[in-house]
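Containing mmCIF, C-alpha atoms and all ligand atoms: start-v6.cif.
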```cif
data_run
loop_
_atom_site.label_atom_id
_atom_site.label_comp_id
_atom_site.auth_asym_id
_atom_site.auth_seq_id
_atom_site.Cartn_x
_atom_site.Cartn_y
_atom_site.Cartn_z
CA MET W 266 -29.80 2.79 -9.90
CA ALA W 267 -32.40 4.40 -12.18
CA THR W 268 -34.51 6.73 -10.12
CA ASN W 269 -37.12 7.92 -12.62
CA SER W 270 -39.72 5.46 -11.39
CA LEU W 271 -39.39 6.79 -7.82
CA VAL W 272 -41.86 9.64 -7.55
CA CYS W 273 -42.49 10.13 -3.84
CA VAL W 274 -40.61 9.81 -0.57
CA ASN W 275 -42.30 6.49 0.19
CA ASP W 276 -40.96 5.08 -3.10
CA TYR W 277 -37.45 6.01 -1.96
CA GLU W 278 -38.07 4.47 1.43
CA GLU W 279 -39.28 1.20 -0.06
CA GLN W 280 -36.39 1.05 -2.53
CA ALA W 281 -33.77 1.92 0.11
CA LEU W 282 -35.08 -0.66 2.54
CA SER W 283 -34.85 -3.33 -0.15
CA LEU W 284 -31.25 -2.38 -0.98
CA LEU W 285 -29.69 -1.86 2.43
CA ASP W 286 -27.98 -4.51 4.45
CA LYS W 287 -30.19 -5.62 7.38
CA ARG W 288 -28.08 -3.99 10.09
CA VAL W 289 -28.09 -0.62 8.35
CA ARG W 290 -31.73 -0.89 7.37
CA ASP W 291 -32.69 -1.56 10.97
CA TYR W 292 -30.44 1.22 12.32
CA TYR W 293 -32.01 3.81 10.02
CA SER W 294 -35.63 2.71 10.18
CA CYS W 295 -36.09 1.64 13.79
CA GLY W 296 -37.82 3.49 16.58
CA ALA W 297 -37.49 2.93 20.31
CA ASP W 298 -39.22 -0.03 21.99
CA ASP W 299 -42.55 -0.85 20.29
CA GLY W 300 -42.28 1.98 17.76
CA GLN W 301 -45.55 3.60 18.82
CA THR W 302 -44.22 7.15 18.51
CA LEU W 303 -42.41 6.25 15.30
CA SER W 304 -45.71 5.37 13.64
CA ASP W 305 -47.71 8.17 15.31
CA ASN W 306 -45.35 10.76 13.82
CA VAL W 307 -46.45 9.75 10.34
CA ALA W 308 -50.06 8.81 11.15
CA ASP W 309 -50.92 12.07 12.95
CA PHE W 310 -50.14 14.16 9.87
CA ARG W 311 -52.80 12.10 8.14
CA ARG W 312 -55.37 12.89 10.83
CA LEU W 313 -55.15 16.53 9.86
CA ARG W 314 -57.16 17.72 6.90
CA LEU W 315 -56.69 20.75 4.66
CA ARG W 316 -59.24 23.49 4.11
CA PRO W 317 -58.13 25.06 0.82
CA ARG W 318 -59.23 28.45 -0.46
CA MET W 319 -60.34 28.64 -4.08
CA MET W 320 -60.02 31.29 -6.76
CA VAL W 321 -56.67 32.67 -5.68
CA ASP W 322 -54.05 33.68 -8.25
CA VAL W 323 -51.32 31.11 -7.62
CA SER W 324 -49.11 31.92 -10.61
CA ASN W 325 -46.46 33.29 -8.26
CA ILE W 326 -45.51 31.19 -5.27
CA ASN W 327 -42.91 32.32 -2.77
CA MET W 328 -41.18 29.40 -1.09
CA LYS W 329 -38.22 31.36 0.22
CA THR W 330 -37.91 32.03 3.88
CA THR W 331 -35.24 32.74 6.45
CA LEU W 332 -33.97 30.69 9.39
CA LEU W 333 -32.42 32.94 12.02
CA GLY W 334 -31.90 35.53 9.30
CA GLN W 335 -30.32 33.16 6.74
CA GLU W 336 -32.22 32.59 3.52
CA VAL W 337 -33.35 29.15 2.37
CA ALA W 338 -35.01 28.46 -0.99
CA PHE W 339 -37.82 26.44 0.65
CA PRO W 340 -38.59 25.46 4.23
CA VAL W 341 -37.54 21.79 4.16
CA CYS W 342 -34.11 21.12 5.67
CA VAL W 343 -31.95 18.13 6.50
CA ALA W 344 -32.15 16.91 10.10
CA PRO W 345 -29.01 15.60 11.82
CA THR W 346 -28.60 11.85 11.40
CA GLY W 347 -25.44 9.96 12.29
CA ILE W 348 -23.23 7.63 10.25
CA GLN W 349 -24.45 8.52 6.75
CA LYS W 350 -21.55 6.59 5.17
CA LEU W 351 -23.52 3.46 6.01
CA ALA W 352 -25.97 4.52 3.29
CA HIS W 353 -23.40 5.56 0.69
CA PRO W 354 -19.60 5.91 0.58
CA ASP W 355 -19.89 9.70 0.13
CA GLY W 356 -22.06 9.96 3.25
CA GLU W 357 -22.76 13.43 4.61
CA LEU W 358 -20.80 15.07 1.79
CA ALA W 359 -23.36 13.83 -0.74
CA THR W 360 -26.28 14.98 1.41
CA ALA W 361 -24.61 18.34 1.88
CA ARG W 362 -24.06 18.70 -1.87
CA ALA W 363 -27.75 17.96 -2.41
CA SER W 364 -28.78 20.55 0.21
CA ALA W 365 -26.41 23.21 -1.07
CA SER W 366 -27.49 22.76 -4.69
CA LEU W 367 -31.13 23.30 -3.70
CA GLY W 368 -30.41 26.20 -1.36
CA THR W 369 -31.57 24.63 1.85
CA CYS W 370 -30.05 24.09 5.28
CA MET W 371 -28.29 20.97 6.53
CA CYS W 372 -27.67 20.16 10.17
CA LEU W 373 -24.62 17.91 10.64
CA SER W 374 -24.71 15.35 13.47
CA THR W 375 -22.06 15.04 16.18
CA GLY W 376 -21.96 11.41 15.02
CA SER W 377 -21.17 12.20 11.39
CA THR W 378 -18.74 10.26 9.24
CA VAL W 379 -17.63 13.39 7.34
CA SER W 380 -16.12 16.29 9.25
CA LEU W 381 -17.35 19.84 9.59
CA GLY W 382 -14.08 20.98 8.01
CA GLU W 383 -14.57 18.79 4.95
CA LEU W 384 -18.06 20.18 4.36
CA ALA W 385 -16.90 23.76 4.84
CA GLU W 386 -13.99 23.29 2.46
CA ASN W 387 -16.05 21.68 -0.29
CA LEU W 388 -19.26 23.64 0.10
CA PRO W 389 -18.66 27.15 1.38
CA GLU W 390 -22.11 28.15 0.07
CA LEU W 391 -23.97 25.57 2.21
CA LEU W 392 -26.10 26.85 5.09
CA LEU W 393 -24.63 24.51 7.69
CA TRP W 394 -25.75 23.96 11.28
CA PHE W 395 -24.11 21.67 13.79
CA GLN W 396 -26.01 19.31 16.08
CA LEU W 397 -24.22 19.08 19.39
CA TYR W 398 -24.41 16.34 21.97
CA VAL W 399 -22.97 17.92 25.10
CA CYS W 400 -20.17 15.62 26.37
CA LYS W 401 -19.30 14.95 29.99
CA ASP W 402 -15.88 16.34 29.12
CA ARG W 403 -16.68 20.04 28.82
CA ASP W 404 -13.35 20.78 27.22
CA LEU W 405 -14.19 18.34 24.45
CA THR W 406 -17.61 19.97 24.11
CA ARG W 407 -15.94 23.36 23.83
CA GLN W 408 -13.64 22.07 21.10
CA LEU W 409 -16.58 20.69 19.13
CA VAL W 410 -18.24 24.10 19.35
CA LYS W 411 -15.04 25.78 18.13
CA GLN W 412 -14.89 23.37 15.16
CA ALA W 413 -18.45 24.34 14.26
CA GLU W 414 -17.53 28.02 14.46
CA ARG W 415 -14.43 27.54 12.30
CA ALA W 416 -16.51 25.66 9.72
CA GLY W 417 -18.81 28.67 9.40
CA CYS W 418 -21.85 27.02 10.96
CA LYS W 419 -24.68 29.43 11.53
CA ALA W 420 -26.26 27.71 14.53
CA LEU W 421 -25.68 25.12 17.23
CA VAL W 422 -28.53 22.65 17.56
CA VAL W 423 -28.30 21.12 21.01
CA THR W 424 -30.12 17.85 21.41
CA VAL W 425 -32.01 17.90 24.70
CA ASP W 426 -33.96 14.64 24.44
CA ARG W 427 -31.11 12.22 24.97
CA PRO W 428 -30.03 12.01 28.60
CA GLU W 429 -29.71 8.30 27.82
CA GLN W 430 -30.04 6.38 24.59
CA GLY W 431 -33.53 4.99 23.94
CA THR W 432 -33.81 1.23 23.52
CA ARG W 433 -33.58 0.26 19.90
CA ARG W 434 -34.21 -3.43 20.01
CA THR W 435 -32.75 -4.24 16.63
CA SER W 436 -29.49 -2.51 17.57
CA ILE W 437 -29.22 -5.01 20.41
CA THR W 438 -30.15 -8.10 18.38
CA ASN W 439 -27.95 -7.02 15.45
CA LYS W 440 -25.09 -6.05 17.80
CA PHE W 441 -24.95 -2.76 15.90
CA SER W 442 -21.51 -1.16 15.81
CA LEU W 443 -19.49 1.29 13.77
CA PRO W 444 -17.75 -0.57 10.93
CA LEU W 445 -13.96 -0.45 11.27
CA HIS W 446 -13.41 1.54 8.08
CA LEU W 447 -15.51 4.43 9.44
CA SER W 448 -14.91 6.93 12.20
CA PHE W 449 -16.67 9.84 13.89
CA LYS W 450 -14.82 12.49 11.94
CA ASN W 451 -15.48 15.49 14.15
CA LEU W 452 -13.93 13.66 17.06
CA ASP W 453 -10.97 12.12 15.20
CA SER W 454 -8.54 14.88 16.04
CA LEU W 455 -9.78 15.49 19.59
CA LYS W 456 -8.62 13.74 22.70
CA SER W 457 -11.44 11.46 23.81
CA PRO W 458 -12.13 7.86 24.93
CA LEU W 459 -12.67 7.02 21.24
CA GLN W 460 -8.96 7.26 20.53
CA SER W 461 -7.87 4.74 23.08
CA SER W 462 -10.68 2.31 22.30
CA GLN W 463 -10.43 -0.53 19.80
CA ASN W 464 -13.92 -1.67 20.72
CA ASN W 465 -17.27 -0.67 19.37
CA LYS W 466 -16.82 3.07 18.81
CA TYR W 467 -20.58 3.54 18.47
CA ALA W 468 -21.09 2.32 22.04
CA VAL W 469 -18.08 4.30 23.30
CA LEU W 470 -19.40 7.52 21.75
CA HIS W 471 -22.68 7.09 23.57
CA THR W 472 -20.91 6.76 26.92
CA MET W 473 -19.32 10.17 26.34
CA PHE W 474 -22.59 12.12 26.36
CA ASP W 475 -23.67 13.86 29.55
CA ASN W 476 -26.77 12.67 31.40
CA THR W 477 -26.56 15.44 34.01
CA LEU W 478 -27.57 18.15 31.54
CA THR W 479 -30.04 20.80 32.66
CA TRP W 480 -31.15 24.10 31.21
CA GLU W 481 -28.31 25.74 33.15
CA ASP W 482 -25.86 23.96 30.89
CA ILE W 483 -27.58 25.55 27.92
CA GLN W 484 -26.96 28.90 29.57
CA TRP W 485 -23.28 27.92 29.90
CA LEU W 486 -23.16 27.02 26.20
CA THR W 487 -24.45 30.44 25.25
CA THR W 488 -21.52 31.96 27.14
CA ILE W 489 -18.85 30.04 25.20
CA THR W 490 -20.11 30.83 21.71
CA ASN W 491 -21.68 33.61 19.72
CA LEU W 492 -23.57 31.12 17.60
CA PRO W 493 -27.31 31.02 18.21
CA VAL W 494 -28.25 27.95 20.25
CA ILE W 495 -31.35 25.96 19.27
CA ALA W 496 -32.93 23.36 21.59
CA LYS W 497 -33.78 20.19 19.63
CA GLY W 498 -36.20 17.76 21.22
CA VAL W 499 -38.70 20.08 22.88
CA LEU W 500 -42.19 18.55 23.22
CA THR W 501 -44.03 20.83 25.65
CA GLY W 502 -44.83 24.50 26.00
CA VAL W 503 -43.21 24.55 29.45
CA ASP W 504 -39.87 23.35 28.09
CA ALA W 505 -40.07 25.74 25.16
CA VAL W 506 -40.30 28.62 27.65
CA LYS W 507 -37.40 27.15 29.69
CA ALA W 508 -35.31 26.93 26.54
CA LEU W 509 -35.99 30.58 25.71
CA GLU W 510 -35.21 31.64 29.28
CA SER W 511 -31.91 29.73 29.01
CA GLY W 512 -30.92 31.78 25.98
CA CYS W 513 -32.04 29.59 23.08
CA LYS W 514 -32.78 31.54 19.96
CA ALA W 515 -35.10 28.97 18.39
CA ILE W 516 -37.09 25.90 19.38
CA TYR W 517 -36.90 22.64 17.46
CA VAL W 518 -39.86 20.36 18.17
CA SER W 519 -38.68 16.76 17.82
CA ASN W 520 -38.98 13.35 19.41
CA HIS W 521 -35.82 12.12 17.71
CA GLY W 522 -37.86 10.35 15.05
CA GLY W 523 -39.46 8.14 17.72
CA ARG W 524 -36.05 6.77 18.76
CA GLN W 525 -35.95 7.98 22.36
CA LEU W 526 -38.93 7.70 24.73
CA ASP W 527 -41.55 5.53 23.07
CA GLY W 528 -45.09 6.65 23.79
CA VAL W 529 -44.46 10.40 23.60
CA CYS W 530 -46.82 12.42 21.45
CA SER W 531 -46.18 12.81 17.75
CA THR W 532 -44.43 16.07 16.96
CA ILE W 533 -47.23 17.49 14.80
CA SER W 534 -49.71 16.98 17.67
CA VAL W 535 -47.66 19.13 20.10
CA LEU W 536 -46.63 21.83 17.65
CA SER W 537 -49.55 24.16 18.46
CA GLU W 538 -48.85 24.00 22.20
CA VAL W 539 -45.20 24.92 21.66
CA VAL W 540 -46.00 27.69 19.19
CA LYS W 541 -48.52 29.15 21.62
CA ALA W 542 -46.01 29.11 24.51
CA VAL W 543 -43.29 30.69 22.37
CA ASN W 544 -45.79 33.36 21.40
CA GLY W 545 -43.80 34.85 18.53
CA ARG W 546 -40.58 35.30 20.54
CA ALA W 547 -38.59 32.79 18.47
CA GLU W 548 -38.75 30.62 15.40
CA VAL W 549 -40.13 27.10 15.85
CA TYR W 550 -39.03 24.17 13.69
CA LEU W 551 -40.34 20.61 13.59
CA ASP W 552 -39.19 17.19 12.50
CA GLY W 553 -40.69 13.71 12.73
CA GLY W 554 -42.83 11.95 10.15
CA VAL W 555 -42.68 14.56 7.38
CA ARG W 556 -43.03 12.56 4.18
CA THR W 557 -45.06 14.71 1.76
CA GLY W 558 -45.48 18.31 0.69
CA THR W 559 -48.89 18.41 2.37
CA ASP W 560 -47.22 17.37 5.65
CA VAL W 561 -44.91 20.36 5.28
CA LEU W 562 -47.83 22.67 4.57
CA LYS W 563 -49.73 21.40 7.63
CA ALA W 564 -46.71 22.07 9.86
CA LEU W 565 -46.34 25.57 8.44
CA ALA W 566 -50.04 26.21 9.05
CA LEU W 567 -49.64 25.17 12.69
CA GLY W 568 -46.81 27.65 13.14
CA ALA W 569 -43.54 25.97 12.15
CA ARG W 570 -41.09 28.23 10.36
CA ALA W 571 -39.56 25.20 8.62
CA VAL W 572 -39.47 21.43 8.88
CA PHE W 573 -36.55 19.03 8.90
CA VAL W 574 -36.43 15.53 7.48
CA GLY W 575 -34.28 12.75 8.93
CA ARG W 576 -34.86 9.40 7.26
CA PRO W 577 -36.04 10.64 3.82
CA PRO W 578 -32.61 12.00 2.73
CA LEU W 579 -30.95 8.87 4.15
CA TYR W 580 -33.18 6.77 1.92
CA GLY W 581 -32.36 8.98 -1.07
CA LEU W 582 -28.68 8.62 -0.27
CA ALA W 583 -28.96 4.84 -0.03
CA VAL W 584 -30.70 4.60 -3.40
CA ALA W 585 -28.55 6.97 -5.47
CA GLY W 586 -26.07 8.96 -3.39
CA GLU W 587 -26.11 12.72 -3.91
CA GLU W 588 -28.64 12.44 -6.74
CA GLY W 589 -30.99 10.40 -4.56
CA ALA W 590 -30.79 12.83 -1.65
CA ARG W 591 -31.40 15.71 -4.06
CA ASN W 592 -34.36 13.92 -5.62
CA VAL W 593 -35.98 13.39 -2.22
CA LEU W 594 -35.62 17.05 -1.30
CA THR W 595 -36.81 18.10 -4.76
CA ILE W 596 -39.89 15.89 -4.46
CA LEU W 597 -40.77 17.56 -1.14
CA ARG W 598 -40.16 21.03 -2.60
CA ASN W 599 -42.32 20.34 -5.66
CA GLU W 600 -45.07 18.70 -3.63
CA LEU W 601 -45.12 21.66 -1.25
CA LYS W 602 -45.40 24.11 -4.13
CA LEU W 603 -48.30 22.22 -5.70
CA ALA W 604 -50.02 21.81 -2.33
CA MET W 605 -49.76 25.58 -1.83
CA GLN W 606 -51.19 26.27 -5.27
CA LEU W 607 -54.09 23.88 -4.77
CA SER W 608 -54.76 25.45 -1.35
CA GLY W 609 -54.69 29.04 -2.55
CA VAL W 610 -51.58 29.83 -0.47
CA THR W 611 -48.95 31.99 -2.16
CA ASP W 612 -46.26 32.50 0.50
CA VAL W 613 -44.65 30.02 2.89
CA GLN W 614 -44.27 32.80 5.40
CA SER W 615 -47.98 33.45 5.72
CA VAL W 616 -49.76 30.12 5.86
CA SER W 617 -52.95 30.56 7.83
CA ARG W 618 -53.86 28.41 10.84
CA ASP W 619 -57.30 28.07 9.22
CA LEU W 620 -55.81 25.88 6.54
CA VAL W 621 -55.90 22.78 8.75
CA THR W 622 -58.52 21.00 10.77
CA TYR W 623 -58.82 17.61 12.40
CA ARG W 624 -60.62 15.01 10.36
CA ALA W 625 -64.32 15.41 11.05
CA SER W 626 -65.97 12.40 12.63
CA LEU W 627 -68.95 11.64 10.45
C1 LIG W 701 -30.49 6.94 11.65
C2 LIG W 701 -30.79 8.15 12.48
C3 LIG W 701 -29.76 8.77 13.17
C4 LIG W 701 -30.04 9.91 13.94
N1 LIG W 701 -28.99 10.56 14.55
C5 LIG W 701 -29.24 11.68 15.26
C6 LIG W 701 -28.18 12.41 15.85
O1 LIG W 701 -27.01 12.05 15.74
N2 LIG W 701 -28.50 13.52 16.57
C7 LIG W 701 -29.79 13.96 16.70
O2 LIG W 701 -30.04 14.97 17.36
N3 LIG W 701 -30.81 13.31 16.12
C8 LIG W 701 -30.57 12.20 15.40
N4 LIG W 701 -31.60 11.55 14.80
C9 LIG W 701 -32.97 12.14 14.85
C10 LIG W 701 -33.18 13.08 13.65
O3 LIG W 701 -32.42 14.26 13.81
C11 LIG W 701 -34.64 13.52 13.53
O4 LIG W 701 -35.07 14.05 14.76
C12 LIG W 701 -35.60 12.40 13.09
O5 LIG W 701 -34.97 11.51 12.18
C13 LIG W 701 -36.82 13.03 12.43
O6 LIG W 701 -37.76 12.09 12.09
P1 LIG W 701 -37.95 11.50 10.59
O7 LIG W 701 -36.83 10.50 10.40
O8 LIG W 701 -39.29 10.88 10.64
O9 LIG W 701 -37.84 12.66 9.61
C14 LIG W 701 -31.35 10.41 14.04
C15 LIG W 701 -32.38 9.76 13.34
C16 LIG W 701 -32.12 8.65 12.56
C17 LIG W 701 -33.24 8.00 11.80
#
```
Would you mind writing the file out in structure tokens?
Amino acid sequence: MATNSLVCVNDYEEQALSLLDKRVRDYYSCGADDGQTLSDNVADFRRLRLRPRMMVDVSNINMKTTLLGQEVAFPVCVAPTGIQKLAHPDGELATARASASLGTCMCLSTGSTVSLGELAENLPELLLWFQLYVCKDRDLTRQLVKQAERAGCKALVVTVDRPEQGTRRTSITNKFSLPLHLSFKNLDSLKSPLQSSQNNKYAVLHTMFDNTLTWEDIQWLTTITNLPVIAKGVLTGVDAVKALESGCKAIYVSNHGGRQLDGVCSTISVLSEVVKAVNGRAEVYLDGGVRTGTDVLKALALGARAVFVGRPPLYGLAVAGEEGARNVLTILRNELKLAMQLSGVTDVQSVSRDLVTYRASL
């Protein structure tokens, strides 16, 4: 569809929600339980206010930065979200093409409908990370890690906030399942319960993940790979320190887009605590509720090295495939640049904490 009237992420969201089939729309947009955290993620960015500096030469803006030593053109990356072929037949390949063409990083989900190998073959230039759900079957886990290594991934993002699946009410009422024409591509060639099951592969996949995980298992992971391990789903300073002590090389603040424990704090509201605990020893990333360039700038000011977006690229994908995903990322890049210029900030790597404050009560 024509996309020139869609000028912000919310336009893409609205358009995508009107186009998608109810089951897919609900799967992408839902949060856990009452959706309190889902809405707080977005609302809490709006409680922060900017304190711009005037009379700064903003003719040259540097948006480049590095993530664990790898360059990205701007600090907005694609968070891991499963089953992207529900949004568009090209699925993760289209999102990856959009990310690669803009020079940013994409994190592929364990539950993807395009394989690591397919992305690596088509897009050798893409900065690709792999999101790992540790499986009860450690041999299977090891094979997933090896696939990520072979595909040239530059990091393993281990999700630590999913000992069990949060309750997504619409998934229950819609009897959400993986359509028969799709499969979890990274697991297709591996021996797992998925192969012997004709039933709902979405439900089967979730039974394969390990609910006994502790930080010691993260230590184990660091012994089976040379890839840097990143803990995704950290919400407290204490856990950030645990993650570092277990060998993680970066901390990814996330509440899974409000899809796990409802009632946890928004990610932007805990960022400062995590950054303080990490105390410069590692990079800190954030996702959850980022919808505008000013949201990105606020997260950078509070100490994030980069942010990730989950639903926004899915909505772009649903509206116009690769072009839609690229447009969404381009909107965020352009909004961030303008927000920096209007704030007197010239480099994404040196955004001052002073730039943000909580809304004053009058
Ligand atoms: C449809 C959907 C599927 C997701 N699948 C995964 C996943 O497979 N693994 C994971 O670690 N996080 C997953 N997430 C969470 C995202 O990685 C990310 O934390 C979240 O979407 C960020 O919030 P945002 O959507 O407000 O940007 C998923 C989120 C959505 C919306």
message: Give me the residues near stretch 465-467 of chain W as JSON, numbers by chain, where near means some atom within 8 Å (using all atoms listed in the file) and where sequence neighbours in that chain fewer than 3 positions away do not count.
response: {"W": [442, 443, 448, 459, 462, 470, 471]}
field: For W:Phe573, the nearest of the candidates W:Phe474, W:Phe339, W:Phe441, W:Tyr293, counting all atoms listed in the file
entry: W:Phe339
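Note that the spacing between atom CA of W:Leu452 and atom O2 of ligand LIG 701 (chain W) amounts to 16.2 Å.
Near ligand LIG 701 (chain W), the residues found within 7 Å are Tyr292, Tyr293, Ser294, Asn306, Ala344, Pro345, Thr346, Gly347, Ser374, Thr375, Gly376, Gln396, Thr424, Lys497, Ser519, Asn520, His521, Gly522, Asp552, Gly553, Gly554, Val555, Phe573, Val574, Gly575, Arg576 and Pro577 of chain W (criterion computed using all atoms listed in the file).
Distances from W:Asp527, W:Gln460, W:Ser537, W:Arg591 to W:Asp305 were compared using all atoms listed in the file, and the smallest one belongs to W:Asp527.
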Listed atoms of stretch 561-576 of chain W, axis-aligned box, 4 Å per side: centre and edge lengths to one decimal in Å, as AutoDock Vina command-line options?
```
--center_x -42.2 --center_y 18.8 --center_z 8.9 --size_x 23.8 --size_y 26.8 --size_z 16.6
```
Each residue of stretch 278-344 of chain W with at least one atom at most 10 Å from stretch 351-359 of chain W should appear once, together with its nearest atom pair and the corresponding distance in Å (one decimal); atoms considered: only C-alpha atoms; ordering: chain, then increasing residue number; output as a Markdown table.
```
| residue | atom | partner | partner_atom | distance |
| --- | --- | --- | --- | --- |
| W:Ala281 | CA | W:Ala352 | CA | 8.8 |
| W:Leu284 | CA | W:Ala352 | CA | 9.7 |
| W:Leu285 | CA | W:Ala352 | CA | 7.4 |
| W:Asp286 | CA | W:Leu351 | CA | 9.3 |
| W:Arg288 | CA | W:Leu351 | CA | 9.6 |
| W:Val289 | CA | W:Leu351 | CA | 6.6 |
| W:Arg290 | CA | W:Ala352 | CA | 8.9 |
| W:Tyr292 | CA | W:Leu351 | CA | 9.6 |
| W:Tyr293 | CA | W:Ala352 | CA | 9.1 |
```
message: For W:Ala267, find every residue with an atom within 10 Å (counting all atoms listed in the file), except residues of its own chain fewer than 6 positions away, and show them as a PyMOL selection string.
response: chain W and resi 584-585+589
- prompt: What is the distance, in Å and to one decimal place, between atom CA of W:Ala338 and atom CA of W:Val616?
  reply: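 Calculated distance between atom CA of W:Ala338 and atom CA of W:Val616 is 16.3 Å.
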message: I'd like the neighbourhood of W:Asp402 as a ChimeraX atom specification, where a residue qualifies if any of its atoms comes within 10 Å (using all atoms listed in the file), though same-chain residues fewer than 5 positions away should be ignored.
response: /W:407,457,473-475
Selected residues written out with C-alpha atoms, as a short mmCIF file (atom, residue, chain, number, x, y, z; two decimals), keeping the file's coordinate frame:
```cif
data_model
loop_
_atom_site.label_atom_id
_atom_site.label_comp_id
_atom_site.auth_asym_id
_atom_site.auth_seq_id
_atom_site.Cartn_x
_atom_site.Cartn_y
_atom_site.Cartn_z
CA ARG W 407 -15.94 23.36 23.83
CA SER W 457 -11.44 11.46 23.81
CA MET W 473 -19.32 10.17 26.34
CA PHE W 474 -22.59 12.12 26.36
CA ASP W 475 -23.67 13.86 29.55
#
```
- prompt: Separation of atom CA of W:Ser461 and atom CA of W:Lys287, in Å?
  reply: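 Going from atom CA of W:Ser461 over to atom CA of W:Lys287 covers 29.2 Å.
Close contacts of stretch 558-565 of chain W, defined as residues with an atom at most 7 Å away when counting only C-alpha atoms, with chain neighbours fewer than 5 positions off set aside, comprise Phe310, Ile533, Arg570, Ala571, Val572, Leu597, Arg598, Glu600, Leu601, Ala604, Val616 and Val621 of chain W.
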message: Can you tell me which residues surround W:Arg433 at a distance of at most 10 Å, considering only C-alpha atoms, apart from same-chain residues fewer than 4 positions away, and format the answer as a PyMOL selection string?
response: chain W and resi 291-292+295-300+437-438+441+524-525
Store the residues picked out above in a file with C-alpha atoms, as a PDB file, keeping the file's coordinate frame.
```pdb
ATOM      1  CA  ASP W 291     -32.690  -1.560  10.970  1.00  0.00           C
ATOM      2  CA  TYR W 292     -30.440   1.220  12.320  1.00  0.00           C
ATOM      3  CA  CYS W 295     -36.090   1.640  13.790  1.00  0.00           C
ATOM      4  CA  GLY W 296     -37.820   3.490  16.580  1.00  0.00           C
ATOM      5  CA  ALA W 297     -37.490   2.930  20.310  1.00  0.00           C
ATOM      6  CA  ASP W 298     -39.220  -0.030  21.990  1.00  0.00           C
ATOM      7  CA  ASP W 299     -42.550  -0.850  20.290  1.00  0.00           C
ATOM      8  CA  GLY W 300     -42.280   1.980  17.760  1.00  0.00           C
ATOM      9  CA  ILE W 437     -29.220  -5.010  20.410  1.00  0.00           C
ATOM     10  CA  THR W 438     -30.150  -8.100  18.380  1.00  0.00           C
ATOM     11  CA  PHE W 441     -24.950  -2.760  15.900  1.00  0.00           C
ATOM     12  CA  ARG W 524     -36.050   6.770  18.760  1.00  0.00           C
ATOM     13  CA  GLN W 525     -35.950   7.980  22.360  1.00  0.00           C
TER      14      GLN W 525
END
```
- request: Check the smallest atom-to-atom distance from each of W:Leu567, W:Cys418, W:Leu594, W:Val499 to W:Cys513 using all atoms listed in the file, then report the winner.
  value: W:Val499
- prompt: Which is closest to W:Val543 among W:Ser436, W:Ser615, W:Thr501, W:Gln606, if we use all atoms listed in the file?
  reply: W:Thr501
- prompt: When distances are computed from all atoms listed in the file, which of W:Thr330, W:Gln430, W:Thr611, W:Asn451 shows the smallest separation from W:Ser380?
  reply: W:Asn451
Option closest in space to W:Gln335, from W:Leu393, W:Leu579, W:Val399, W:Ile483 [counting all atoms listed in the file]: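 Closest residue, counting all atoms listed in the file: W:Leu393.
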